[in-house]
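Q: My structure is below; once you've seen it, I'll send some questions.
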Amino acid sequence: MQRGAYWKWYALFAYCRMKRLTGILFATFMATASAQDQYAAARAIMADEVAAMARDTSAETGRPAFGVRVMNALRKVERHRFVAAGDEANAYRNTPRAIGNGQTISQPYIVALMSDLLDLRGTEKVLEVGTGSGYQAAVLAELAAEVYTIEIVEPLGRLAAQRLTAAGYRNVITRIGDGYQGWRDAMPFDAIMVTAAAREIPPALIEQLRPGGKLVIPVGAQDAHQELIVITKSTDGKTQTRRVLPVRFVPLTGGPAGVP
């Protein structure tokens with residue numbers, strides 16, 4: 001074979017090989033993009049369902065629509081990162097999901113409602129009691145400057161910390177411990193959220209709430225009536241309580257004696 005013909009065939013071979021590699025890379029990219037688009041579409045549908053529920057429950061909550069920032073956070077945070085392994089296909093259902101250790105990830109509507117009730121503007125330091133899977137902390141991280149979140153169930157807390165780090169949330173500080181006692185060395189907090197039902201309002205949380213701040217907490221026994229409550233602390237230290245609507249949460253563990 002002549003030298004020119006050899007290079008001609010070699011160039012053709014290299015071109016075909018490059019096209020094949022490009023095709024593989026393109027197919028991989030499209031598959032990844034398709035999966036991402038699928039989740040994005042699912043998040044959008046979930047957000048629409050949450051918005052509809054907000055309208056339906058406006059008589060109880062006083063909020064016919066949640067704030068733009070809250071709804072944008074709901075559309076952005078990748079809930080499939082925070083559900084139990086194997087449950088990703090159900091991540092964007094507007095329902096609570098079991099995450100192991102007898103705990104659940106809250107219904108997206110409840111996550112949005114509790115987040116909206118805090119009226120965050122983006123500059124606040126927030127305490128979350130009950131990290132769970134980390135999903136609510138991720139939503140709060142989109143709405144506040146700093147989020148301190150504490151989980152009493154060690155395996156859940158450690159897994160949530162890993163998930164939050166993997167998702168890129170650098171403004172979330174995690175801890176394993178008794179959330180009933182709050183987080184004294186980081187107080188005061190501009191807002192506090194509790195994601196499990198307490199039998200009574202933990203005094204430590206009222207103490208650690210900055211004047212003008214809000215505490216959102218479900219209150220009631222596990223097998224009895226529970227209500228979502230908003231407590232506002234005035235500048236003189238007094239509190240005002242507003243009952244929002246009936247809810248159902250797992251019980252808040254810990255407390256003065258370390259029992260439910």
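Naming scheme: A, B, ... for chains in displayed order of the structure tokens; residues 1 onward per chain; ligands 1 onward as shown.
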So that I can check the secondary structure, give me every residue of region 18-206 of chain A assigned alpha helix (DSSP H) by backbone DSSP, as a PyMOL selection string.

A: chain A and resi 18-56+58-61+68-76+108-117+135-143+154-166+203-206

Q: For Val111 (chain A), please output as a ChimeraX atom specification all residues within 9 Å (counting only C-alpha atoms; exclusion window: fewer than 6 positions along the same chain).

A: /A:74,135-136,139

Q: Excluding same-chain residues fewer than 6 positions from region 192-207 of chain A, what lies within 7 Å of it counting only C-alpha atoms, as a PyMOL selection string?

A: chain A and resi 126-130+180-182+214-221+249-252

Q: Deliver the residues from the most recent selection as a file, using C-alpha atoms, as a PDB file, in the first residue's frame.

A:
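That gives us part_26.pdb:
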```
ATOM      1  CA  VAL A 126     -32.392  28.560  61.992  1.00  0.00           C
ATOM      2  CA  LEU A 127     -32.495  25.570  64.321  1.00  0.00           C
ATOM      3  CA  GLU A 128     -34.166  22.374  63.156  1.00  0.00           C
ATOM      4  CA  VAL A 129     -34.940  19.717  65.759  1.00  0.00           C
ATOM      5  CA  GLY A 130     -35.211  16.320  64.078  1.00  0.00           C
ATOM      6  CA  TYR A 180     -35.466  18.726  73.149  1.00  0.00           C
ATOM      7  CA  GLN A 181     -32.631  20.631  74.787  1.00  0.00           C
ATOM      8  CA  GLY A 182     -31.969  22.692  71.657  1.00  0.00           C
ATOM      9  CA  LYS A 214     -40.892  32.099  65.473  1.00  0.00           C
ATOM     10  CA  LEU A 215     -41.075  28.485  66.599  1.00  0.00           C
ATOM     11  CA  VAL A 216     -43.069  26.044  64.457  1.00  0.00           C
ATOM     12  CA  ILE A 217     -43.806  22.779  66.236  1.00  0.00           C
ATOM     13  CA  PRO A 218     -46.384  19.954  66.186  1.00  0.00           C
ATOM     14  CA  VAL A 219     -47.790  19.312  69.665  1.00  0.00           C
ATOM     15  CA  GLY A 220     -49.700  16.286  70.958  1.00  0.00           C
ATOM     16  CA  ALA A 221     -49.305  12.644  71.937  1.00  0.00           C
ATOM     17  CA  PHE A 249     -46.007  13.292  63.332  1.00  0.00           C
ATOM     18  CA  VAL A 250     -43.771  10.722  64.976  1.00  0.00           C
ATOM     19  CA  PRO A 251     -43.096  11.586  68.657  1.00  0.00           C
ATOM     20  CA  LEU A 252     -40.276  13.858  69.743  1.00  0.00           C
TER      21      LEU A 252
END
```

Q: May I ask for the distance between CA of Gly157 (chain A) and CA of Arg175 (chain A), given in Å to one decimal place?

A: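 These two atoms are separated by 7.2 Å.
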
Q: Using DSSP secondary structure from the backbone, list all strand (DSSP E) positions within region 84-241 of chain A, as an MDAnalysis selection string.

A: chainID A and resid 97:100 103:105 125:129 146:151 172:176 189:194 209:219 226:233 239:241

Q: Just the selected residues (N, CA and C atoms), exported as a compact mmCIF listing (two decimals), in the first residue's frame, please.

A:
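Saved file result09.txt follows:
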```txt
# COMPACT_ATOMS: atom_id res chain seq x y z
N ARG A 97 -42.75 9.48 53.60
CA ARG A 97 -42.09 8.22 53.22
C ARG A 97 -41.29 7.70 54.40
N ALA A 98 -41.33 6.40 54.60
CA ALA A 98 -40.53 5.78 55.67
C ALA A 98 -39.06 5.87 55.32
N ILE A 99 -38.22 6.21 56.33
CA ILE A 99 -36.78 6.31 56.09
C ILE A 99 -35.98 5.41 57.03
N GLY A 100 -36.67 4.50 57.73
CA GLY A 100 -35.99 3.58 58.63
C GLY A 100 -35.95 4.09 60.06
N GLN A 103 -38.81 6.21 61.59
CA GLN A 103 -38.97 7.63 61.26
C GLN A 103 -39.47 7.80 59.83
N THR A 104 -39.92 9.01 59.53
CA THR A 104 -40.43 9.30 58.19
C THR A 104 -39.88 10.62 57.68
N ILE A 105 -39.89 10.77 56.37
CA ILE A 105 -39.66 12.07 55.74
C ILE A 105 -41.03 12.69 55.51
N LYS A 125 -30.54 32.67 61.09
CA LYS A 125 -29.94 31.46 61.63
C LYS A 125 -31.09 30.61 62.20
N VAL A 126 -31.24 29.40 61.67
CA VAL A 126 -32.39 28.56 61.99
C VAL A 126 -31.94 27.29 62.68
N LEU A 127 -32.70 26.87 63.67
CA LEU A 127 -32.50 25.57 64.32
C LEU A 127 -33.60 24.62 63.89
N GLU A 128 -33.21 23.44 63.45
CA GLU A 128 -34.17 22.37 63.16
C GLU A 128 -33.95 21.25 64.16
N VAL A 129 -35.00 20.84 64.82
CA VAL A 129 -34.94 19.72 65.76
C VAL A 129 -35.58 18.51 65.07
N GLU A 146 -28.04 30.26 57.68
CA GLU A 146 -27.43 29.13 58.39
C GLU A 146 -28.52 28.22 58.95
N VAL A 147 -28.28 26.93 58.88
CA VAL A 147 -29.21 25.96 59.45
C VAL A 147 -28.43 25.05 60.39
N TYR A 148 -28.87 25.01 61.65
CA TYR A 148 -28.33 24.06 62.63
C TYR A 148 -29.38 22.97 62.82
N THR A 149 -29.01 21.74 62.56
CA THR A 149 -30.00 20.66 62.64
C THR A 149 -29.48 19.52 63.51
N ILE A 150 -30.33 19.03 64.39
CA ILE A 150 -29.92 18.05 65.38
C ILE A 150 -30.83 16.82 65.32
N GLU A 151 -30.24 15.63 65.40
CA GLU A 151 -30.96 14.37 65.29
C GLU A 151 -30.54 13.44 66.43
N VAL A 172 -25.29 24.16 56.28
CA VAL A 172 -26.00 23.31 57.23
C VAL A 172 -24.99 22.68 58.18
N ILE A 173 -25.21 22.88 59.47
CA ILE A 173 -24.36 22.28 60.51
C ILE A 173 -25.18 21.21 61.21
N THR A 174 -24.66 19.99 61.26
CA THR A 174 -25.40 18.87 61.83
C THR A 174 -24.82 18.46 63.17
N ARG A 175 -25.66 17.82 63.97
CA ARG A 175 -25.22 17.30 65.27
C ARG A 175 -26.10 16.11 65.66
N ILE A 176 -25.48 15.15 66.35
CA ILE A 176 -26.23 14.05 66.97
C ILE A 176 -26.48 14.44 68.42
N PHE A 189 -31.49 31.77 68.11
CA PHE A 189 -31.89 31.46 66.75
C PHE A 189 -33.02 32.41 66.32
N ASP A 190 -32.98 32.79 65.06
CA ASP A 190 -34.04 33.65 64.53
C ASP A 190 -35.33 32.87 64.30
N ALA A 191 -35.21 31.57 64.10
CA ALA A 191 -36.38 30.71 63.87
C ALA A 191 -36.02 29.30 64.29
N ILE A 192 -37.01 28.57 64.77
CA ILE A 192 -36.81 27.17 65.17
C ILE A 192 -37.95 26.34 64.61
N MET A 193 -37.60 25.18 64.06
CA MET A 193 -38.60 24.24 63.56
C MET A 193 -38.38 22.89 64.21
N VAL A 194 -39.46 22.27 64.66
CA VAL A 194 -39.41 20.93 65.24
C VAL A 194 -40.20 20.00 64.33
N LEU A 209 -34.84 31.01 71.41
CA LEU A 209 -35.42 31.75 70.30
C LEU A 209 -35.19 33.25 70.51
N ARG A 210 -34.68 33.89 69.48
CA ARG A 210 -34.42 35.33 69.55
C ARG A 210 -35.74 36.10 69.62
N PRO A 211 -35.81 37.20 70.38
CA PRO A 211 -37.02 38.03 70.38
C PRO A 211 -37.39 38.44 68.96
N GLY A 212 -38.66 38.27 68.64
CA GLY A 212 -39.14 38.53 67.28
C GLY A 212 -39.15 37.28 66.42
N GLY A 213 -38.55 36.18 66.94
CA GLY A 213 -38.47 34.94 66.17
C GLY A 213 -39.71 34.07 66.30
N LYS A 214 -39.75 33.02 65.48
CA LYS A 214 -40.89 32.10 65.47
C LYS A 214 -40.43 30.66 65.68
N LEU A 215 -41.25 29.92 66.40
CA LEU A 215 -41.07 28.49 66.60
C LEU A 215 -42.27 27.78 65.99
N VAL A 216 -42.00 26.86 65.06
CA VAL A 216 -43.07 26.04 64.46
C VAL A 216 -42.89 24.62 64.96
N ILE A 217 -43.94 24.07 65.58
CA ILE A 217 -43.81 22.78 66.24
C ILE A 217 -45.15 22.05 66.27
N PRO A 218 -45.17 20.75 65.97
CA PRO A 218 -46.38 19.95 66.19
C PRO A 218 -46.45 19.54 67.66
N VAL A 219 -47.63 19.62 68.25
CA VAL A 219 -47.79 19.31 69.66
C VAL A 219 -48.93 18.32 69.84
N GLN A 226 -53.05 15.88 67.43
CA GLN A 226 -51.86 16.72 67.31
C GLN A 226 -52.21 17.96 66.49
N GLU A 227 -51.60 19.06 66.85
CA GLU A 227 -51.81 20.30 66.11
C GLU A 227 -50.47 20.95 65.79
N LEU A 228 -50.41 21.55 64.61
CA LEU A 228 -49.24 22.34 64.25
C LEU A 228 -49.41 23.73 64.84
N ILE A 229 -48.40 24.18 65.58
CA ILE A 229 -48.49 25.42 66.34
C ILE A 229 -47.36 26.37 65.94
N VAL A 230 -47.67 27.64 65.88
CA VAL A 230 -46.67 28.69 65.66
C VAL A 230 -46.59 29.54 66.92
N ILE A 231 -45.42 29.66 67.47
CA ILE A 231 -45.19 30.48 68.66
C ILE A 231 -44.29 31.65 68.26
N THR A 232 -44.73 32.85 68.54
CA THR A 232 -43.96 34.06 68.25
C THR A 232 -43.50 34.67 69.56
N LYS A 233 -42.22 34.96 69.63
CA LYS A 233 -41.64 35.54 70.85
C LYS A 233 -41.48 37.05 70.67
N THR A 239 -44.72 35.23 74.81
CA THR A 239 -45.01 34.46 73.59
C THR A 239 -46.49 34.50 73.24
N GLN A 240 -46.73 34.42 71.95
CA GLN A 240 -48.08 34.30 71.43
C GLN A 240 -48.17 32.99 70.66
N THR A 241 -49.28 32.28 70.84
CA THR A 241 -49.44 30.96 70.22
C THR A 241 -50.60 30.97 69.25
```
